Each structure stands twice: as structure tokens, then as C-alpha cells.
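Data file: work06.csv. Format and content: CSV, C-alpha atoms.
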chain,number,residue,atom,x,y,z
Y,1,MET,CA,-2.1,-46.9,31.4
Y,2,ILE,CA,-4.7,-44.6,29.9
Y,3,PHE,CA,-5.6,-42.9,33.3
Y,4,GLU,CA,-1.9,-42.4,34.0
Y,5,LEU,CA,-1.6,-40.7,30.6
Y,6,MET,CA,-4.7,-38.5,31.3
Y,7,ASN,CA,-3.0,-37.4,34.5
Y,8,LEU,CA,0.2,-36.7,32.7
Y,9,CYS,CA,-1.8,-34.5,30.2
Y,10,MET,CA,-3.0,-32.3,32.9
Y,11,GLU,CA,0.3,-32.2,34.7
Y,12,LYS,CA,2.2,-31.1,31.5
Y,13,GLY,CA,-0.5,-28.7,30.3
Y,14,ALA,CA,-1.0,-30.8,27.1
Y,15,SER,CA,-3.8,-30.0,24.8
Y,16,ASP,CA,-4.0,-33.5,23.2
Y,17,LEU,CA,-2.9,-37.1,23.8
Y,18,HIS,CA,-2.3,-39.5,20.9
Y,19,PHE,CA,-2.7,-43.2,21.8
Y,20,LYS,CA,-1.7,-45.4,18.9
Y,21,VAL,CA,-1.0,-49.2,18.8
Y,22,GLY,CA,2.7,-49.9,18.1
Y,23,TYR,CA,3.9,-46.4,19.2
Y,24,SER,CA,4.8,-44.5,22.3
Y,25,PRO,CA,2.1,-42.2,23.6
Y,26,VAL,CA,2.5,-38.6,22.3
Y,27,LEU,CA,1.4,-35.4,24.0
Y,28,ARG,CA,0.8,-32.1,22.1
Y,29,ILE,CA,2.2,-29.3,24.3
Y,30,ASP,CA,2.0,-25.7,23.1
Y,31,GLY,CA,1.3,-27.0,19.6
Y,32,ALA,CA,4.4,-29.3,19.5
Y,33,MET,CA,4.2,-33.2,19.4
Y,34,ARG,CA,6.2,-34.7,22.3
Y,35,PRO,CA,6.5,-38.5,22.6
Y,36,VAL,CA,6.3,-40.0,26.1
Y,37,LYS,CA,9.5,-42.0,25.7
Y,38,GLU,CA,9.6,-43.3,29.3
Y,39,MET,CA,6.4,-45.3,28.7
Y,40,PRO,CA,6.4,-48.6,26.7
Y,41,LEU,CA,5.0,-48.9,23.2
Y,42,ILE,CA,1.2,-49.3,23.2
Y,43,SER,CA,0.1,-52.9,22.5
Y,44,THR,CA,-3.2,-54.1,21.2
Y,45,SER,CA,-4.1,-55.3,24.7
Y,46,ASP,CA,-3.3,-51.8,26.0
Y,47,TYR,CA,-5.7,-50.4,23.4
Y,48,GLU,CA,-8.4,-52.9,24.2
Y,49,ALA,CA,-8.0,-52.2,27.9
Y,50,MET,CA,-8.4,-48.5,27.2
Y,51,LEU,CA,-11.6,-49.1,25.3
Y,52,GLU,CA,-13.1,-51.2,28.1
Y,53,SER,CA,-12.1,-48.5,30.6
Y,54,ILE,CA,-13.8,-45.5,29.0
Y,55,LEU,CA,-16.7,-46.9,26.9
Y,56,ASP,CA,-20.0,-48.1,28.1
Y,57,ASP,CA,-21.6,-51.2,26.4
Y,58,LEU,CA,-23.5,-49.2,23.7
Y,59,GLN,CA,-20.5,-47.2,22.8
Y,60,LEU,CA,-18.3,-50.3,22.5
Y,61,VAL,CA,-20.9,-51.9,20.2
Y,62,ASN,CA,-21.0,-48.8,18.1
Y,63,PHE,CA,-17.2,-48.6,17.8
Y,64,ILE,CA,-17.0,-52.3,16.8
Y,65,LYS,CA,-19.7,-51.8,14.2
Y,66,HIS,CA,-18.5,-48.5,12.7
Y,67,ARG,CA,-14.7,-48.7,13.5
Y,68,LYS,CA,-14.9,-45.1,14.7
Y,69,LEU,CA,-16.5,-43.2,17.5
Y,70,ASP,CA,-16.5,-39.7,19.0
Y,71,LEU,CA,-17.4,-39.2,22.7
Y,72,GLY,CA,-16.8,-37.0,25.7
Y,73,TYR,CA,-15.2,-38.5,28.8
Y,74,SER,CA,-14.9,-36.9,32.2
Y,75,PHE,CA,-11.9,-37.7,34.4
Y,76,GLN,CA,-11.0,-36.0,37.7
Y,77,ASN,CA,-10.9,-32.2,37.1
Y,78,ALA,CA,-10.9,-32.3,33.3
Y,79,ARG,CA,-13.0,-33.6,30.4
Y,80,PHE,CA,-11.7,-35.1,27.2
Y,81,ARG,CA,-13.1,-35.1,23.7
Y,82,VAL,CA,-12.1,-38.5,22.4
Y,83,ASN,CA,-11.9,-39.6,18.8
Y,84,LEU,CA,-11.4,-43.4,18.2
Y,85,PHE,CA,-10.5,-44.8,14.8
Y,86,ASN,CA,-8.5,-47.5,13.1
Y,87,ASP,CA,-5.7,-47.2,10.5
Y,88,LEU,CA,-3.3,-49.6,8.8
Y,89,HIS,CA,-1.5,-50.4,12.1
Y,90,GLY,CA,-4.6,-50.9,14.2
Y,91,GLY,CA,-6.3,-48.8,16.9
Y,92,ASN,CA,-5.9,-45.1,17.4
Y,93,ALA,CA,-7.3,-42.6,19.9
Y,94,VAL,CA,-6.9,-38.9,20.2
Y,95,PHE,CA,-7.9,-37.3,23.6
Y,96,ARG,CA,-8.3,-33.5,23.6
Y,97,VAL,CA,-8.3,-31.9,27.0
Y,98,ILE,CA,-11.3,-29.7,27.9
Y,99,PRO,CA,-11.0,-28.1,31.3
Y,100,PHE,CA,-14.0,-28.2,33.6
Y,101,GLN,CA,-13.4,-24.6,34.4
Y,102,HIS,CA,-15.3,-22.2,32.1
Y,103,LEU,CA,-13.2,-19.3,30.9
Y,104,ALA,CA,-14.5,-15.7,30.7
Y,105,PHE,CA,-14.0,-13.3,27.8
Y,106,SER,CA,-11.1,-11.7,29.7
Y,107,ASP,CA,-9.4,-15.1,30.1
Y,108,ILE,CA,-9.4,-15.8,26.4
Y,109,GLY,CA,-8.6,-12.2,25.4
Y,110,LEU,CA,-11.7,-11.7,23.2
Y,111,PRO,CA,-11.9,-8.0,22.0
Y,112,GLN,CA,-14.7,-5.9,23.3
Y,113,SER,CA,-16.5,-5.9,20.0
Y,114,GLY,CA,-16.6,-9.7,20.1
Y,115,ARG,CA,-17.8,-9.7,23.7
Y,116,LYS,CA,-20.8,-7.5,22.7
Y,117,LEU,CA,-22.0,-10.2,20.3
Y,118,GLY,CA,-22.9,-12.2,23.4
Y,119,ASP,CA,-25.5,-9.5,24.3
Y,120,LYS,CA,-27.4,-9.8,21.1
Y,121,GLN,CA,-31.0,-10.9,21.3
Y,122,LYS,CA,-31.2,-12.7,18.0
Y,123,GLY,CA,-29.3,-13.4,14.8
Y,124,MET,CA,-26.4,-15.6,13.9
Y,125,ILE,CA,-22.8,-15.5,15.2
Y,126,LEU,CA,-20.2,-17.7,13.5
Y,127,VAL,CA,-17.1,-18.8,15.4
Y,128,THR,CA,-14.4,-20.1,13.0
Y,129,GLY,CA,-10.9,-21.3,12.9
Y,130,ALA,CA,-8.8,-24.3,12.1
Y,131,THR,CA,-9.1,-27.6,14.1
Y,132,GLY,CA,-7.6,-27.0,17.5
Y,133,ALA,CA,-7.9,-23.2,17.3
Y,134,GLY,CA,-10.0,-22.9,20.4
Y,135,LYS,CA,-13.4,-22.5,18.9
Y,136,SER,CA,-15.1,-24.7,21.6
Y,137,THR,CA,-13.5,-22.6,24.3
Y,138,THR,CA,-14.8,-19.4,22.8
Y,139,LEU,CA,-18.3,-20.9,22.4
Y,140,SER,CA,-18.1,-21.9,26.0
Y,141,ALA,CA,-17.2,-18.3,27.0
Y,142,PHE,CA,-20.3,-17.0,25.1
Y,143,ILE,CA,-22.6,-19.5,26.8
Y,144,THR,CA,-21.1,-18.8,30.2
Y,145,HIS,CA,-21.6,-15.0,29.7
Y,146,ILE,CA,-25.3,-15.6,28.8
Y,147,ASN,CA,-25.7,-18.1,31.7
Y,148,THR,CA,-24.4,-15.6,34.3
Y,149,ASN,CA,-26.1,-12.5,33.0
Y,150,TYR,CA,-29.4,-13.4,31.4
Y,151,CYS,CA,-32.5,-15.5,32.1
Y,152,LYS,CA,-32.6,-17.5,28.9
Y,153,SER,CA,-33.4,-20.9,27.6
Y,154,VAL,CA,-30.2,-22.3,26.0
Y,155,VAL,CA,-30.0,-25.4,23.9
Y,156,THR,CA,-26.7,-26.8,22.6
Y,157,VAL,CA,-26.3,-29.5,19.8
Y,158,GLU,CA,-22.9,-31.1,19.9
Y,159,ASP,CA,-20.9,-34.1,18.7
Y,160,PRO,CA,-19.7,-34.9,21.3
Y,161,ILE,CA,-20.7,-32.7,24.2
Y,162,GLU,CA,-17.5,-30.9,25.3
Y,163,TYR,CA,-17.9,-28.3,28.1
Y,164,LEU,CA,-20.5,-29.2,30.7
Y,165,PHE,CA,-22.7,-26.3,32.0
Y,166,GLU,CA,-24.7,-26.0,35.2
Y,167,ASP,CA,-27.8,-23.8,35.2
Y,168,GLU,CA,-27.2,-20.4,36.8
Y,169,MET,CA,-29.5,-17.6,35.5
Y,170,SER,CA,-30.3,-19.6,32.4
Y,171,LEU,CA,-31.7,-23.0,31.7
Y,172,ILE,CA,-29.3,-25.1,29.6
Y,173,SER,CA,-30.1,-28.3,27.7
Y,174,GLN,CA,-27.2,-30.0,26.1
Y,175,ARG,CA,-27.9,-32.6,23.4
Y,176,GLN,CA,-25.4,-35.0,21.9
Y,177,VAL,CA,-25.7,-36.0,18.2
Y,178,GLY,CA,-26.2,-39.8,18.0
Y,179,VAL,CA,-27.4,-40.1,21.6
Y,180,ASP,CA,-30.0,-37.4,22.2
Y,181,CYS,CA,-30.8,-36.6,18.5
Y,182,LEU,CA,-30.0,-38.3,15.2
Y,183,SER,CA,-28.1,-35.5,13.5
Y,184,PHE,CA,-27.2,-31.8,13.9
Y,185,GLU,CA,-30.2,-30.8,11.7
Y,186,ASP,CA,-32.5,-33.1,13.8
Y,187,GLY,CA,-31.2,-31.5,17.0
Y,188,ILE,CA,-31.7,-28.0,15.6
Y,189,ARG,CA,-35.2,-28.8,14.4
Y,190,GLY,CA,-35.9,-30.1,17.9
Y,191,ALA,CA,-34.6,-27.0,19.5
Y,192,LEU,CA,-37.1,-24.9,17.6
Y,193,LYS,CA,-39.8,-26.7,19.4
Y,194,MET,CA,-38.2,-26.4,22.9
Y,195,ASP,CA,-38.9,-22.7,23.5
Y,196,CYS,CA,-35.2,-21.8,23.4
Y,197,ASP,CA,-33.8,-18.3,23.2
Y,198,VAL,CA,-30.2,-19.3,22.4
Y,199,LEU,CA,-29.0,-22.2,20.2
Y,200,MET,CA,-25.4,-23.3,20.0
Y,201,VAL,CA,-24.5,-25.6,17.1
Y,202,GLY,CA,-21.2,-27.5,17.6
Y,203,GLU,CA,-20.4,-27.6,13.9
Y,204,LEU,CA,-22.1,-26.7,10.6
Y,205,ARG,CA,-21.2,-29.8,8.4
Y,206,ASN,CA,-23.7,-29.7,5.6
Y,207,ALA,CA,-26.4,-27.7,3.9
Y,208,ASP,CA,-29.2,-29.2,5.9
Y,209,ALA,CA,-27.6,-28.0,9.2
Y,210,VAL,CA,-26.9,-24.6,7.8
Y,211,GLU,CA,-30.5,-24.3,6.5
Y,212,MET,CA,-31.9,-25.2,9.9
Y,213,SER,CA,-29.6,-22.8,11.7
Y,214,LEU,CA,-30.7,-20.0,9.4
Y,215,LEU,CA,-34.3,-20.9,10.1
Y,216,ALA,CA,-33.6,-20.6,13.8
Y,217,ALA,CA,-32.0,-17.2,13.4
Y,218,GLU,CA,-34.9,-16.1,11.2
Y,219,SER,CA,-37.4,-17.2,13.9
Y,220,GLY,CA,-35.8,-14.8,16.4
Y,221,LYS,CA,-33.2,-17.1,18.1
Y,222,LEU,CA,-29.6,-16.1,18.9
Y,223,VAL,CA,-27.6,-18.8,17.1
Y,224,PHE,CA,-23.9,-19.6,17.7
Y,225,ALA,CA,-22.3,-22.0,15.2
Y,226,THR,CA,-18.8,-23.0,14.2
Y,227,LEU,CA,-17.1,-23.5,10.8
Y,228,HIS,CA,-13.6,-24.4,9.8
Y,229,SER,CA,-12.0,-21.4,8.1
Y,230,ASN,CA,-8.9,-19.2,8.6
Y,231,THR,CA,-10.6,-15.8,8.0
Y,232,ALA,CA,-14.0,-14.3,8.4
Y,233,ILE,CA,-14.3,-13.9,4.6
Y,234,GLN,CA,-13.5,-17.6,4.1
Y,235,ALA,CA,-16.2,-18.4,6.7
Y,236,ILE,CA,-18.9,-16.6,4.7
Y,237,ASP,CA,-17.7,-18.4,1.5
Y,238,ARG,CA,-17.7,-21.8,3.2
Y,239,PHE,CA,-21.2,-21.1,4.6
Y,240,VAL,CA,-22.6,-20.4,1.2
Y,241,ASN,CA,-20.6,-23.0,-0.7
Y,242,LEU,CA,-22.3,-25.8,1.3
Y,243,PHE,CA,-25.3,-25.1,-0.9
Y,244,PRO,CA,-25.7,-25.7,-4.7
Y,245,GLN,CA,-24.6,-22.7,-6.9
Y,246,ASN,CA,-28.1,-21.8,-7.9
Y,247,LEU,CA,-29.0,-21.1,-4.3
Y,248,HIS,CA,-26.0,-18.9,-3.4
Y,249,SER,CA,-27.7,-15.6,-4.1
Y,250,GLN,CA,-30.7,-16.6,-1.9
Y,251,VAL,CA,-28.5,-17.8,0.9
Y,252,LEU,CA,-26.3,-14.7,0.8
Y,253,GLY,CA,-29.4,-12.5,1.1
Y,254,ARG,CA,-30.7,-14.4,4.1
Y,255,LEU,CA,-27.2,-14.4,5.8
Y,256,SER,CA,-26.8,-10.7,5.2
Y,257,SER,CA,-30.1,-10.0,7.0
Y,258,HIS,CA,-29.4,-12.2,10.1
Y,259,LEU,CA,-25.6,-12.4,10.6
Y,260,GLN,CA,-24.5,-10.4,13.6
Y,261,GLY,CA,-20.8,-11.1,13.3
Y,262,VAL,CA,-17.9,-13.6,12.7
Y,263,VAL,CA,-15.2,-14.4,15.3
Y,264,THR,CA,-12.2,-16.1,13.7
Y,265,GLN,CA,-9.2,-17.2,15.8
Y,266,THR,CA,-5.9,-18.9,15.8
Y,267,LEU,CA,-3.6,-19.9,18.7
Y,268,VAL,CA,0.0,-18.7,19.0
Y,269,PRO,CA,2.6,-20.0,21.4
Y,270,LYS,CA,3.3,-17.5,24.2
Y,271,LYS,CA,6.7,-15.8,24.1
Y,272,LEU,CA,7.5,-15.7,27.8
Y,273,ALA,CA,5.4,-18.5,29.3
Y,274,ARG,CA,4.1,-21.9,28.7
Y,275,GLY,CA,0.8,-22.1,26.8
Y,276,ARG,CA,-0.8,-20.3,23.8
Y,277,VAL,CA,-2.7,-17.1,23.3
Y,278,ALA,CA,-5.5,-16.5,20.9
Y,279,ALA,CA,-5.3,-14.0,18.0
Y,280,PHE,CA,-8.8,-12.9,16.9
Y,281,GLU,CA,-10.4,-11.5,13.8
Y,282,ILE,CA,-13.8,-9.8,14.4
Y,283,LEU,CA,-16.2,-9.0,11.5
Y,284,ILE,CA,-19.2,-7.0,12.5
Y,285,ASN,CA,-22.2,-7.0,10.1
Y,286,THR,CA,-22.4,-3.3,9.6
Y,287,PRO,CA,-24.8,-1.8,6.9
Y,288,ALA,CA,-21.8,-1.6,4.5
Y,289,VAL,CA,-20.8,-5.2,5.1
Y,290,ARG,CA,-24.4,-6.3,4.9
Y,291,GLY,CA,-24.6,-4.8,1.5
Y,292,LEU,CA,-21.5,-6.5,0.2
Y,293,ILE,CA,-22.7,-9.9,1.4
Y,294,ASN,CA,-26.1,-9.4,-0.1
Y,295,GLU,CA,-24.5,-8.3,-3.5
Y,296,ASN,CA,-22.0,-11.3,-3.4
Y,297,ARG,CA,-19.0,-9.0,-3.2
Y,298,VAL,CA,-17.6,-10.7,-0.1
Y,299,HIS,CA,-14.0,-10.3,-1.2
Y,300,LEU,CA,-14.3,-6.5,-0.7
Y,301,ILE,CA,-15.0,-6.9,3.0
Y,302,SER,CA,-11.2,-7.2,3.7
Y,303,SER,CA,-10.8,-3.4,3.4
Y,304,TYR,CA,-13.4,-2.9,6.2
Y,305,LEU,CA,-11.6,-5.4,8.4
Y,306,GLU,CA,-8.4,-3.4,8.1
Y,307,SER,CA,-9.9,0.0,8.6
Y,308,GLY,CA,-13.1,-0.6,10.6
Y,309,ALA,CA,-11.8,-0.2,14.1
Y,310,THR,CA,-14.4,2.5,14.9
Y,311,SER,CA,-17.2,-0.1,14.3
Y,312,GLY,CA,-15.4,-2.9,16.2
Y,313,MET,CA,-13.7,-4.6,13.3
Y,314,VAL,CA,-10.4,-6.4,14.0
Y,315,SER,CA,-8.4,-8.1,11.4
Y,316,LEU,CA,-6.4,-11.2,12.3
Y,317,ASP,CA,-3.2,-9.6,11.0
Y,318,ASN,CA,-3.7,-6.5,13.2
Y,319,SER,CA,-4.4,-8.7,16.2
Y,320,LEU,CA,-1.1,-10.5,15.6
Y,321,VAL,CA,0.7,-7.1,15.4
Y,322,ASP,CA,-0.8,-6.1,18.7
Y,323,LEU,CA,0.3,-9.4,20.4
Y,324,VAL,CA,3.9,-8.9,19.1
Y,325,LEU,CA,4.1,-5.3,20.3
Y,326,GLU,CA,2.6,-6.3,23.7
Y,327,ASN,CA,5.5,-8.8,24.0
Y,328,LYS,CA,3.0,-11.7,24.3
Y,329,VAL,CA,4.2,-13.6,21.2
Y,330,ASP,CA,7.3,-13.8,19.1
Y,331,LYS,CA,7.4,-12.0,15.8
Y,332,THR,CA,8.4,-15.2,13.9
Y,333,GLU,CA,5.4,-17.1,15.3
Y,334,ALA,CA,3.1,-14.2,14.4
Y,335,LEU,CA,4.4,-14.1,10.8
Y,336,LEU,CA,3.8,-17.9,10.4
Y,337,ARG,CA,0.1,-17.3,11.1
Y,338,ALA,CA,-0.4,-14.0,9.2
Y,339,ASN,CA,-2.6,-13.8,6.2
Y,340,ASN,CA,-0.4,-11.0,4.8
Y,341,LYS,CA,3.1,-11.4,6.1
Y,342,SER,CA,4.5,-8.3,4.5
Y,343,TYR,CA,1.7,-6.2,6.0
Y,344,VAL,CA,2.3,-7.6,9.5
Y,345,LYS,CA,6.1,-7.2,9.2
Y,346,ARG,CA,5.7,-3.6,8.1
Y,347,LYS,CA,3.1,-2.7,10.8
Y,348,ILE,CA,5.4,-4.1,13.5
Y,349,GLU,CA,8.3,-2.1,12.3
Y,350,GLU,CA,6.3,1.1,12.0
Y,351,ARG,CA,4.8,0.9,15.4
Y,352,ASP,CA,7.9,-0.2,17.3
Y,353,GLY,CA,10.0,2.3,15.6
Y,354,SER,CA,12.5,-0.2,14.2
Y,355,GLY,CA,12.0,0.9,10.5
Y,356,GLY,CA,13.5,-1.7,8.2
Y,357,ALA,CA,16.0,-3.0,10.8
Y,358,GLU,CA,15.8,-6.6,11.7
As C-alpha cells - that is how I would like this structure written.
Amino acid sequence: MIFELMNLCMEKGASDLHFKVGYSPVLRIDGAMRPVKEMPLISTSDYEAMLESILDDLQLVNFIKHRKLDLGYSFQNARFRVNLFNDLHGGNAVFRVIPFQHLAFSDIGLPQSGRKLGDKQKGMILVTGATGAGKSTTLSAFITHINTNYCKSVVTVEDPIEYLFEDEMSLISQRQVGVDCLSFEDGIRGALKMDCDVLMVGELRNADAVEMSLLAAESGKLVFATLHSNTAIQAIDRFVNLFPQNLHSQVLGRLSSHLQGVVTQTLVPKKLARGRVAAFEILINTPAVRGLINENRVHLISSYLESGATSGMVSLDNSLVDLVLENKVDKTEALLRANNKSYVKRKIEERDGSGGAE
């Protein structure tokens, strides 16, 4: 059953498959949950057969012991990030589709100022957004850009490994937390001993991982890392708030010195086609922004995002306005994702000449 459903995921262009005991399988297509009603309800034996099909002996032992497991699984021309867990009704699994094909900056629509971050020699670049916003795809685009344009030593620390890379101009070592290293911080610490030029951290989950990532940036590495946040300003706040209050000033000072930029994104359903398109917010650490971070006046950065186009800044709201005016997304969908709905509505009306008309 599970392999049939994986095939169906790819045929339907689904981003996720939900496999839950007692329920029909459910696909997430263009952000919407769609039950596969033509298939029978998933039984306990179906779930156990799925586990035996995709897990090796060690993974099965770990799942039985901890009642949860994250892993990457390759199937035909796609790869899946799999999350296994239990709830009140029994076994659950969520399969997220990760295409084998690596997307370029042009494929994901990353603005030019964001693309230039991939040419930096050192410092920290944060890629942020909600769960399922496409952060892993953007990280993959950065690593692909480096791999095809520079002779670098690249180390990734992930949980689990998602996109698989083949060495081109660069040498790439991919390490999975729990398999190749004990934790994110352990993996980052190991990367500092591996003569790496570029470090990609799948997720900053705690202060120890953030501390090690900062040390890597301070030692001259180019560090890419992800955080869960809806705006660039929230990303900086979340980064700092992983530390105790008495360390905030120190961490802000270090971040201000080594941050290159923040790429924040969200996915919006396409207006005229199947699929979703990314809206980006790009924060560049200009001298003015650096000063605000260092002085703990992060809330004032929003004005630079709205008016800093000449330095490569892009606000999420202006990105949404552009997508609407380019007829790529519907106005209603854009407003649902806007940080300032009245601003987005006004800008759309000003630029399309509709005034206050609906």
C-alpha cells in the first residue's frame, strides 16, 4: 500500500502524505488536505507492513524504543522526509516529498539580492519560514549554486538528510543527526575540524547549536542555518531568545558582526496553475541594520525592509504585491499571508490603478 501511495504522491504533485491507522490516506496538494477515498482505511497491519518496508533493523529498534523517528527514504525519482509517531489511535506517519532534482535560484524565484548571499565567503545566512514553507528547497538551491560554481569543502548537518548532493566542483559531506553525529551541536563541532568552507545546519533548535554556528561563522566559515519564523525580524528575535536574557546583548553583538542576511519565505497557491510559488523577504545586514541589531533596536529594521530596495532589501508584503500584479497569485491568497494586510491592499490598488475599487 505504501509504495502505491508514494507513486500517487508524485502523480498528483502532492507535497505530503498522511498515513494514519483507522483513517483513509490523505494527500496535501497545493496546501489543501485531500483524502484518498478510493483506498481502504489504514489498519494496524498496514502500518506495521509500512514500517517493515521502509525501516532497516536499527531504525525499527529505535522506533519501538522511542515511539517516534525521523528519517529520509528514497523511492524511484523522489525522496521522502518521513516522520513516524504514535497518538491516541495508534501509528501515524507523515511523508514529505523531496524531489531528487535540485532547483536553481531561478526555479524558486529567489530575488537577486538573495542569490548574491550564496557568493559570500564567510558569515551567517539564516533561511526562515513556517514548517512546510520551502526552507529546505532554498537551502538546497544555495548548496547547488556553490557546488556548481566554487571549489569548496561543504558539510551539512541534518535531521534527517533531505536533498542528496553529488560532488561537482565542491566536495560535499552530509551528516545525519543520530546516525553520523549525536546532535546538531556535535555535528557542527565536528565540521570545524573537517577543513570545511561552507556549513549547512538543518535547524537551530537550541542555544548550544546556535553557539556552535556562531563560532563557525566567527572562524571564517560560510554558515547557512534555518529557523522557524514568519519575518526576518522574528528570526533575529528567535535566534537571540534561545539564550538566557543576560546573554542577549552579547549574542546580538556577535550576530550583528557576522550576519550576512536573512531569507524568509512563505508559499502561496498559484493563480493560473497547479502548485505554489514562494514569496520572499530579504534582509541584508547593511551598516545601518548592523547598528540596530547591535543596539538591540531590532524592531526598527522594518522601515529599512520597506524602503531599502537600493540595498537589496525586499519585504514579504512587497513580494506579495509583486506576485499579485504579475498575475501569479490571487489577491485574496496574498492578503491571507500578509503581515500588514492594509498595506498590501493599498499598494495593489495604487499600482494597478484600481484605487479603492474592489
Original post:
Pick from Y:Ser213, Y:Ser74, Y:Val21, Y:Gly118: nearest to Y:Asn86, with only C-alpha atoms counted?
Top reply: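 Going through Y:Ser213, Y:Ser74, Y:Val21, Y:Gly118 one by one, the smallest distance to Y:Asn86 is for Y:Val21.
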Original post:
Excluding same-chain residues fewer than 4 positions from Y:Gly312, what lies within 9 Å of it counting only C-alpha atoms, as a ChimeraX atom specification?
Top reply: /Y:111-114,282-284,308
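Distance-wise, atom CA of Y:Gly261 and atom CA of Y:Ala130 end up 17.9 Å apart.
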Original post:
What gap, in Å, lies between atom CA of Y:Ser303 and atom CA of Y:Asn206?
Top reply: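 Atom CA of Y:Asn206 lies 29.4 Å from atom CA of Y:Ser303.
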Subject >> Shell around Y:His102 at 10 Å using all atoms listed in the file, local window under 2 positions removed, as a list in words >> reply: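 Here the answer would be Ile98, Pro99, Phe100, Ala104, Phe105, Asp107, Thr137, Thr138, Ser140, Ala141, Ile143, Thr144, His145, Tyr163, Leu164 and Phe165 of chain Y.
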Subject >> Exercise: stretch 296-302 of chain Y partners within 12 Å, all atoms listed in the file, chain neighbours under 6 positions left out, as a ChimeraX atom specification >> reply: /Y:231-240,248-256,281-290,308,313-317,339-340
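Atom to atom, atom CA of Y:Ala191 and atom CA of Y:Lys221 stand 10.1 Å apart.
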**OP:** Name the residues in contact with stretch 169-178 of chain Y at a cut-off of 9 Å, using all atoms listed in the file, excluding same-chain residues fewer than 3 positions from it; report them as a PyMOL selection string.
**Re:** chain Y and resi 146-161+164-166+181-184+186-187
